[in-house]
Amino acid sequence: MKSDINQMILDKINESDEEEWVKDFAKKALSFERSQYVEGGEYTDFYESTAKKTHEAESE
Amino acid sequence: MRIHSVILKDFRQYKGEQKVEFADKEKITVIEGPNGAGKSNLFKSIQWCMYGSDILEKSEDQVPLINEETLRRMDEGERSKVKVEIKLGEENPQYTVTREANIKKNKFSAEMTYEDFYIMEKEESGWKDHNDYESEALIQRILPSKIKNFYFFDGEQLDTYFRQGTERKVKSTVEEVSQIDILDLAVEHMNNTEGNLSREYKGEIGDKIEKKTEAIERKKGEIEEIKKKLESLDEDIQRKKTEIDKIDQKLGDTDISSVKNQQQKREELKNELDTLNNQISEEKKKLREQIIEDSPKILAKDALEIAKQEIDKKDEEVGLPPNIRATFVKALIDSGECICGNHIQEEEENNLEKVMQDESIDGVSSMAIDGKYKTRDALSEIEEFNNFSKDVISRINSKENRKGEIKDKIEKISDTLQGIGKEEDLDIGQLETDRKQLVEDKEKLVNEEGRKEQRLNRLKNEKDELEKERSKLTSRRSKNKELNNKMEAMQKGKELLKDVKEDILQEVRSDIQKKTEKQFFELIWKDDFQEVKITDEFSVEVINEHGRNAINKLSAGERQALALSFMAALKNISGYDFPVVIDTPLGRISEEPRLNIAENLPNYLEGTQLTLLVTNTEYDEKFKDRIQGEVGEEYVLDFDETTSSTTVKRR
């Protein structure tokens with residue numbers, strides 16, 4: 001993927017009004033899609049590893 | 001990156017081992033050969049080496065990869081290899097990409113028993129062998145197969161690219177080449193995860209959620225099925241169009257003047273028909289937009305008329321606005337006497353004070369004025385809309401009538417051509433009968449495609465609705481907070497990525513538009529065009545000096561220049577530094593535009609290694625003159641009819 005389109009996607013995600021944990025989660029999900037060598041895996045893993053804490057703190 | 005060399009061994013026409021060395025990035029490599037000499041097979045051999053037999057067309061299933069002469073000399077049961085090797089790199093070769101097919105001769109056919117694919121990569125310590133798995137991954141990193149068509153251009157296909165109805169193709173191409181389809185993949189993946197999570201809900205709401213999930217999955221299945229059918233229909237339509245174009249080309253190129261004239265007339269009528277279709281859809285779009293804007297007023301027309309009658313009645317009775325002003329009340333209090341002559345008591349005075357302070361008196365007044373005029377305005381706008389829609393409908397009807405006349409004329413041309421029969425080795429009647437059948441088949445397919453698209457949109461809406469309902473149900477459930485949080489992550493993540501995709505798609509569209517326009521104006525030789533546009537709906541328009549879309553009036557040369565420019569813009573967006581190879585780029589173009597394109601070719605794709613596979617009629621003396629000094633390597637494909645084999649000769 002052309003690096004500036006990749007950067008454009010990341011910039012758009014960062015610029016959005018969404019909460020931080022949603023942005024982290026979306027970025028992690030995209031890097032998962034980009035890696036062509038990883039088989040299987042679920043997005044819930046990323047949620048657990050990146051966004052869970054901030055999400056729970058924000059939804060308290 | 002550039003191609004240093006290609007070695008072919010027994011690939012189709014290329015008997016034995018044949019080598020082509022390519023010019024560096026600043027120069028053009030020209031490979032010239034008559035039709036049938038193997039230009040397209042050389043073009044295919046590079047792609048076959050990189051991506052395997054998937055690149056071969058279905059119609060080629062029966063054509064063996066191995067050279068016919070080599071096959072003829074083999075004994076039944078004997079095996080041999082077809083091999084293509086490409087050296088790629090910057091100044092020096094960095095990769096050697098090799099694909100070999102093992103062929104076994106059977107009694108009536110050649111059977112490919114297996115394929116070997118491997119890449120050798122130059123490292124500091126020497127050449128490193130990659131196994132087939134690593135090699136497949138490496139070639140996708142060098143140039144992903146899904147965007148290869150923007151580096152290997154087929155001149156014949158380019159010409160048909162901007163025919164009508166290509167919006168979906170242009171949009172999906174833009175998505176693919178910019179690789180923002182990764183956002184779709186992520187959204188789809190989140191959808192599936194969301195579906196799996198919702199199945200974990202238990203209890204009454206859990207059951208309902210599960211049912212919704214099952215229904216969503218069913219819809220998704222149906223959507224996928226229709227998408228596949230649409231893709232296959234689209235391919236069928238494109239095939240029919242190409243076949244029709246080929247017949248049109250034959251009829252247009254013939255020396256029989258009556259046939260040529262009829263074909264020319266038909267082309268003109270078809271262009272007019274295309275323009276009318278564009279104008280009608282533009283009118284319909286305007287009408288739709290106006291209906292959406294005015295629909296609240298139109299729906300409230302009866303109520304507005306009743307309101308107007310009431311207001312007029314009141315206006316006649318008492319006059320509007322009502323004759324009450326805060327100043328009148330103040331004057332009453334100051335005088336201390338009512339208009340009936342009685343003294344105003346303290347309690348009454350307090351009430352009047354309250355009324356005076358109450359802004360609603362003036363509010364009622366201004367509302368009455370507003371209501372009076374706004375009701376009249378709204379009714380007059382409805383009247384304006386009625387007149388506007390009558391005008392639009394009348395224009396549409398007149399264009400539809402003209403379309404009917406044109407269709408009749410085209411029908412007559414077809415009848416005339418069918419009646420001509422065989423002339424100068426060309427069976428005009430048969431060609432026209434075939435063409436008529438192809439047009440009928442194509443129209444049936446287009447109608448079928450329309451119906452499928454409607455069904456697809458309906459299914460997508462139904463799926464979205466089900467997802468909303470499921471989302472409402474999941475938010476009602478609070479027992480399983482963890483599950484809710486995960487579902488929320490999927491939903492919010494999906495929404496965010498969908499928004500990002502829409503934003504980027506529009507930015508990429510605008511970038512491709514600018515680059516296409518720049519290239520087009522550089523390749524083109526006239527000042528007749530103002531602008532190249534890719535609309536929000538992804539239809540490509542070329543705006544002429546009168547401000548009108550002239551896409552359907554472009555000559556073959558202009559169409560080819562536009563397609564070359566669009567492909568170059570897409571190549572640029574994709575960001576891969578890979579050479580461009582074009583097969584018969586200017587085969588269908590008459591001399592003047594061909595020479596103009598030739599003159600501008602060195603500016604085209606500056607800094608990219610360019611290889612042209614050309615026929616001798618394309619690459620004539622005048623063409624050579626124009627690109628003189630730009631050609632770094634020049635080859636001729638020498639075809640021997642007795643052995644059906646080609647030898648590559650450096651010129």
# chains A, B, ... in the order shown; residues from 1 in each chain; ligands from 1
call {"tool": "closest_atom_pairs", "arguments": {"of": "chain A", "to": "chain B", "cutoff": "8 Å", "atoms": "only C-alpha atoms", "output": "CSV"}}
result
residue,atom,partner,partner_atom,distance
A:Met1,CA,B:Gln179,CA,6.4
A:Lys2,CA,B:Gly575,CA,4.8
A:Ser3,CA,B:Gly575,CA,7.9
A:Ile5,CA,B:Ser178,CA,7.3
A:Met8,CA,B:Ile504,CA,7.5
A:Ile9,CA,B:Val500,CA,6.8
A:Lys12,CA,B:Val500,CA,6.0
A:Ile13,CA,B:Val500,CA,6.7
A:Ser16,CA,B:Leu496,CA,7.9
A:Glu18,CA,B:Leu496,CA,7.6
A:Val22,CA,B:Gly493,CA,5.9
A:Lys23,CA,B:Gly493,CA,7.5
A:Phe25,CA,B:Gly493,CA,6.8
A:Ala26,CA,B:Gly493,CA,5.4
A:Ala29,CA,B:Ala186,CA,6.5
A:Leu30,CA,B:Ala186,CA,6.3
A:Glu33,CA,B:Ala186,CA,6.4
A:Arg34,CA,B:Ile182,CA,7.3
A:Glu42,CA,B:Thr193,CA,7.0
A:Tyr43,CA,B:Met190,CA,6.9
A:Thr44,CA,B:Lys486,CA,6.7
A:Tyr47,CA,B:Lys486,CA,7.2
A:His55,CA,B:Asn485,CA,7.9
A:Glu56,CA,B:Asn485,CA,7.9
call {"tool": "residues_around", "arguments": {"residues": "Ile7 of chain B", "least_positions_apart": "3", "cutoff": "9 Å", "atoms": "only C-alpha atoms", "output": "list in words"}}
result
Glu17, Gln18, Lys19, Val20, Glu21, Lys83, Val84, Glu85, Ile86 and Lys87 of chain B
call {"tool": "closest_residue", "arguments": {"among": "A:Thr54, A:Ser49, A:Gln7, A:Ser35", "to": "Glu20 of chain A", "atoms": "only C-alpha atoms"}}
result
A:Thr54
call {"tool": "select_by_dssp", "arguments": {"residues": "segment 116-280 of chain B", "states": "strand (DSSP E or B)", "output": "PyMOL selection string"}}
result
chain B and resi 116-123+126-130+152-154
call {"tool": "write_last_selection", "arguments": {"atoms": "N, CA, C and O atoms", "output": "tab-separated table (two decimals), in the first residue's frame"}}
result
chain	number	residue	atom	x	y	z
B	116	ASP	N	6.28	-24.76	-11.26
B	116	ASP	CA	7.25	-24.37	-10.22
B	116	ASP	C	7.41	-22.87	-10.27
B	116	ASP	O	7.50	-22.29	-11.35
B	117	PHE	N	7.47	-22.27	-9.09
B	117	PHE	CA	7.66	-20.82	-9.06
B	117	PHE	C	8.67	-20.48	-7.98
B	117	PHE	O	8.54	-20.94	-6.84
B	118	TYR	N	9.68	-19.73	-8.31
B	118	TYR	CA	10.66	-19.34	-7.30
B	118	TYR	C	11.34	-18.03	-7.67
B	118	TYR	O	11.45	-17.67	-8.84
B	119	ILE	N	11.76	-17.33	-6.61
B	119	ILE	CA	12.46	-16.05	-6.82
B	119	ILE	C	13.82	-16.14	-6.14
B	119	ILE	O	13.93	-16.66	-5.01
B	120	MET	N	14.83	-15.64	-6.82
B	120	MET	CA	16.14	-15.50	-6.17
B	120	MET	C	16.36	-14.01	-5.93
B	120	MET	O	16.11	-13.19	-6.82
B	121	GLU	N	16.80	-13.68	-4.72
B	121	GLU	CA	16.98	-12.27	-4.36
B	121	GLU	C	18.44	-12.00	-4.05
B	121	GLU	O	19.08	-12.79	-3.32
B	122	LYS	N	18.94	-10.90	-4.58
B	122	LYS	CA	20.36	-10.60	-4.35
B	122	LYS	C	20.52	-9.92	-2.99
B	122	LYS	O	19.87	-8.90	-2.71
B	123	GLU	N	21.35	-10.52	-2.16
B	123	GLU	CA	21.66	-9.92	-0.86
B	123	GLU	C	23.16	-9.67	-0.81
B	123	GLU	O	23.90	-10.08	-1.71
B	126	GLY	N	25.23	-12.64	-1.28
B	126	GLY	CA	25.05	-13.40	-2.53
B	126	GLY	C	23.57	-13.58	-2.84
B	126	GLY	O	22.73	-12.88	-2.28
B	127	TRP	N	23.25	-14.52	-3.71
B	127	TRP	CA	21.84	-14.73	-4.11
B	127	TRP	C	21.15	-15.66	-3.12
B	127	TRP	O	21.68	-16.72	-2.79
B	128	LYS	N	19.94	-15.24	-2.68
B	128	LYS	CA	19.20	-16.05	-1.73
B	128	LYS	C	17.98	-16.66	-2.43
B	128	LYS	O	17.23	-15.95	-3.12
B	129	ASP	N	17.79	-17.98	-2.26
B	129	ASP	CA	16.63	-18.66	-2.86
B	129	ASP	C	15.42	-18.51	-1.96
B	129	ASP	O	15.53	-18.73	-0.75
B	130	HIS	N	14.29	-18.13	-2.51
B	130	HIS	CA	13.04	-18.12	-1.73
B	130	HIS	C	12.23	-19.35	-2.13
B	130	HIS	O	12.17	-19.68	-3.33
B	152	PHE	N	0.32	-3.38	-16.80
B	152	PHE	CA	0.28	-4.11	-18.06
B	152	PHE	C	-1.01	-3.69	-18.77
B	152	PHE	O	-2.08	-4.19	-18.45
B	153	PHE	N	-0.92	-2.72	-19.67
B	153	PHE	CA	-2.13	-2.20	-20.33
B	153	PHE	C	-2.37	-2.96	-21.63
B	153	PHE	O	-1.46	-3.06	-22.45
B	154	ASP	N	-3.60	-3.40	-21.79
B	154	ASP	CA	-3.99	-4.03	-23.05
B	154	ASP	C	-4.71	-2.97	-23.89
B	154	ASP	O	-5.81	-2.54	-23.53
call {"tool": "closest_residue", "arguments": {"among": "B:Gly221, B:Ile306, B:Gln238, B:Leu88", "to": "Lys460 of chain B", "atoms": "only C-alpha atoms"}}
result
B:Gly221
call {"tool": "residues_around", "arguments": {"residues": "segment 332-344 of chain B", "least_positions_apart": "5", "cutoff": "10 Å", "atoms": "only C-alpha atoms", "output": "PyMOL selection string"}}
result
chain B and resi 327+349-350+352-353+356
call {"tool": "write_last_selection", "arguments": {"atoms": "all heavy atoms", "output": "short mmCIF file (atom, residue, chain, number, x, y, z; two decimals), in the first residue's frame"}}
result
data_model
loop_
_atom_site.label_atom_id
_atom_site.label_comp_id
_atom_site.auth_asym_id
_atom_site.auth_seq_id
_atom_site.Cartn_x
_atom_site.Cartn_y
_atom_site.Cartn_z
N THR B 327 -48.19 48.90 23.39
CA THR B 327 -48.33 50.36 23.64
C THR B 327 -49.79 50.75 23.94
O THR B 327 -50.06 51.64 24.74
CB THR B 327 -47.86 51.14 22.42
OG1 THR B 327 -48.42 50.55 21.27
CG2 THR B 327 -46.35 51.16 22.31
N GLU B 349 -55.77 46.54 36.97
CA GLU B 349 -54.54 47.19 36.52
C GLU B 349 -53.35 46.23 36.59
O GLU B 349 -52.52 46.16 35.66
CB GLU B 349 -54.26 48.41 37.40
CG GLU B 349 -53.18 49.30 36.79
CD GLU B 349 -52.90 50.53 37.64
OE1 GLU B 349 -53.84 51.10 38.20
OE2 GLU B 349 -51.70 50.86 37.74
N ASN B 350 -53.31 45.43 37.70
CA ASN B 350 -52.23 44.42 37.82
C ASN B 350 -52.26 43.43 36.65
O ASN B 350 -51.23 43.05 36.09
CB ASN B 350 -52.34 43.66 39.14
CG ASN B 350 -51.96 44.54 40.31
OD1 ASN B 350 -51.30 45.57 40.12
ND2 ASN B 350 -52.40 44.18 41.50
N LEU B 352 -53.49 43.94 33.72
CA LEU B 352 -53.05 44.60 32.48
C LEU B 352 -51.52 44.74 32.43
O LEU B 352 -50.90 44.59 31.38
CB LEU B 352 -53.70 45.99 32.35
CG LEU B 352 -55.15 45.98 31.91
CD1 LEU B 352 -55.77 47.36 32.05
CD2 LEU B 352 -55.28 45.51 30.45
N GLU B 353 -50.93 45.04 33.62
CA GLU B 353 -49.45 45.12 33.70
C GLU B 353 -48.83 43.80 33.23
O GLU B 353 -47.88 43.78 32.45
CB GLU B 353 -48.98 45.38 35.14
CG GLU B 353 -49.29 46.76 35.68
CD GLU B 353 -48.28 47.80 35.23
OE1 GLU B 353 -47.34 47.42 34.49
OE2 GLU B 353 -48.46 48.98 35.55
N MET B 356 -49.10 43.36 29.60
CA MET B 356 -48.18 44.22 28.87
C MET B 356 -46.75 43.65 28.86
O MET B 356 -46.04 43.73 27.86
CB MET B 356 -48.16 45.61 29.51
CG MET B 356 -47.55 46.64 28.61
SD MET B 356 -47.64 48.23 29.34
CE MET B 356 -46.52 48.06 30.71
#
call {"tool": "residues_around", "arguments": {"residues": "segment 241-255 of chain B", "least_positions_apart": "3", "cutoff": "7 Å", "atoms": "only C-alpha atoms", "output": "ChimeraX atom specification"}}
result
/B:237-238,259-260,263-264,431,435,438
call {"tool": "residues_around", "arguments": {"residues": "segment 145-151 of chain B", "least_positions_apart": "3", "cutoff": "8 Å", "atoms": "only C-alpha atoms", "output": "list in words"}}
result
Tyr51, Gln140, Glu176, Val177, Met567, Ala568, Leu570, Lys571, Ser574, Phe578, Pro579, Val580, Val581 and Ile582 of chain B
call {"tool": "closest_residue", "arguments": {"among": "B:Phe385, B:Phe623, B:Thr375, B:Gln418", "to": "Ile292 of chain B", "atoms": "only C-alpha atoms"}}
result
B:Phe385
call {"tool": "residues_around", "arguments": {"residues": "Glu630 of chain B", "least_positions_apart": "2", "cutoff": "9 Å", "atoms": "only C-alpha atoms", "output": "PDB file with all heavy atoms, in the first residue's frame"}}
result
ATOM      1  N   GLU B  26      14.871   5.734 -18.553  1.00  0.00           N
ATOM      2  CA  GLU B  26      14.673   6.961 -19.330  1.00  0.00           C
ATOM      3  C   GLU B  26      14.296   6.678 -20.779  1.00  0.00           C
ATOM      4  O   GLU B  26      13.912   7.588 -21.506  1.00  0.00           O
ATOM      5  CB  GLU B  26      15.951   7.817 -19.303  1.00  0.00           C
ATOM      6  CG  GLU B  26      16.454   8.151 -17.903  1.00  0.00           C
ATOM      7  CD  GLU B  26      15.381   8.802 -17.047  1.00  0.00           C
ATOM      8  OE1 GLU B  26      14.692   9.701 -17.557  1.00  0.00           O
ATOM      9  OE2 GLU B  26      15.220   8.394 -15.883  1.00  0.00           O
ATOM     10  N   LYS B  27      14.447   5.445 -21.205  1.00  0.00           N
ATOM     11  CA  LYS B  27      14.228   5.118 -22.625  1.00  0.00           C
ATOM     12  C   LYS B  27      13.054   4.147 -22.816  1.00  0.00           C
ATOM     13  O   LYS B  27      12.649   3.454 -21.886  1.00  0.00           O
ATOM     14  CB  LYS B  27      15.495   4.467 -23.204  1.00  0.00           C
ATOM     15  CG  LYS B  27      16.722   5.360 -23.140  1.00  0.00           C
ATOM     16  CD  LYS B  27      16.678   6.408 -24.236  1.00  0.00           C
ATOM     17  CE  LYS B  27      17.911   7.306 -24.174  1.00  0.00           C
ATOM     18  NZ  LYS B  27      17.853   8.390 -25.156  1.00  0.00           N
ATOM     19  N   ILE B  28      12.575   4.104 -24.064  1.00  0.00           N
ATOM     20  CA  ILE B  28      11.446   3.222 -24.385  1.00  0.00           C
ATOM     21  C   ILE B  28      11.977   1.951 -25.052  1.00  0.00           C
ATOM     22  O   ILE B  28      12.901   2.013 -25.872  1.00  0.00           O
ATOM     23  CB  ILE B  28      10.454   3.930 -25.343  1.00  0.00           C
ATOM     24  CG1 ILE B  28       9.930   5.225 -24.704  1.00  0.00           C
ATOM     25  CG2 ILE B  28       9.301   3.028 -25.721  1.00  0.00           C
ATOM     26  CD1 ILE B  28       9.083   6.091 -25.640  1.00  0.00           C
ATOM     27  N   THR B  29      11.407   0.797 -24.700  1.00  0.00           N
ATOM     28  CA  THR B  29      11.716  -0.451 -25.408  1.00  0.00           C
ATOM     29  C   THR B  29      10.569  -0.699 -26.389  1.00  0.00           C
ATOM     30  O   THR B  29       9.401  -0.694 -25.979  1.00  0.00           O
ATOM     31  CB  THR B  29      11.804  -1.634 -24.425  1.00  0.00           C
ATOM     32  OG1 THR B  29      12.769  -1.314 -23.433  1.00  0.00           O
ATOM     33  CG2 THR B  29      12.177  -2.929 -25.131  1.00  0.00           C
ATOM     34  N   PRO B 602       7.177  10.465 -24.609  1.00  0.00           N
ATOM     35  CA  PRO B 602       8.304  10.604 -23.684  1.00  0.00           C
ATOM     36  C   PRO B 602       7.934  11.340 -22.391  1.00  0.00           C
ATOM     37  O   PRO B 602       8.527  11.084 -21.346  1.00  0.00           O
ATOM     38  CB  PRO B 602       9.333  11.399 -24.500  1.00  0.00           C
ATOM     39  CG  PRO B 602       8.998  11.092 -25.917  1.00  0.00           C
ATOM     40  CD  PRO B 602       7.521  10.952 -25.951  1.00  0.00           C
ATOM     41  N   ILE B 627       9.412   9.588 -32.199  1.00  0.00           N
ATOM     42  CA  ILE B 627       9.981   9.179 -30.903  1.00  0.00           C
ATOM     43  C   ILE B 627      11.486   8.893 -31.021  1.00  0.00           C
ATOM     44  O   ILE B 627      12.082   8.315 -30.120  1.00  0.00           O
ATOM     45  CB  ILE B 627       9.233   7.987 -30.257  1.00  0.00           C
ATOM     46  CG1 ILE B 627       9.215   6.752 -31.155  1.00  0.00           C
ATOM     47  CG2 ILE B 627       7.840   8.354 -29.848  1.00  0.00           C
ATOM     48  CD1 ILE B 627       8.745   5.507 -30.391  1.00  0.00           C
ATOM     49  N   GLN B 628      12.031   9.368 -32.130  1.00  0.00           N
ATOM     50  CA  GLN B 628      13.468   9.172 -32.352  1.00  0.00           C
ATOM     51  C   GLN B 628      14.255   9.722 -31.151  1.00  0.00           C
ATOM     52  O   GLN B 628      13.941  10.761 -30.603  1.00  0.00           O
ATOM     53  CB  GLN B 628      13.875   9.935 -33.603  1.00  0.00           C
ATOM     54  CG  GLN B 628      15.099   9.365 -34.242  1.00  0.00           C
ATOM     55  CD  GLN B 628      15.422  10.129 -35.519  1.00  0.00           C
ATOM     56  OE1 GLN B 628      15.056  11.283 -35.670  1.00  0.00           O
ATOM     57  NE2 GLN B 628      16.120   9.486 -36.418  1.00  0.00           N
ATOM     58  N   GLY B 632      15.390   3.076 -26.557  1.00  0.00           N
ATOM     59  CA  GLY B 632      16.644   2.526 -26.066  1.00  0.00           C
ATOM     60  C   GLY B 632      16.919   1.140 -26.619  1.00  0.00           C
ATOM     61  O   GLY B 632      18.065   0.776 -26.887  1.00  0.00           O
TER      62      GLY B 632
END
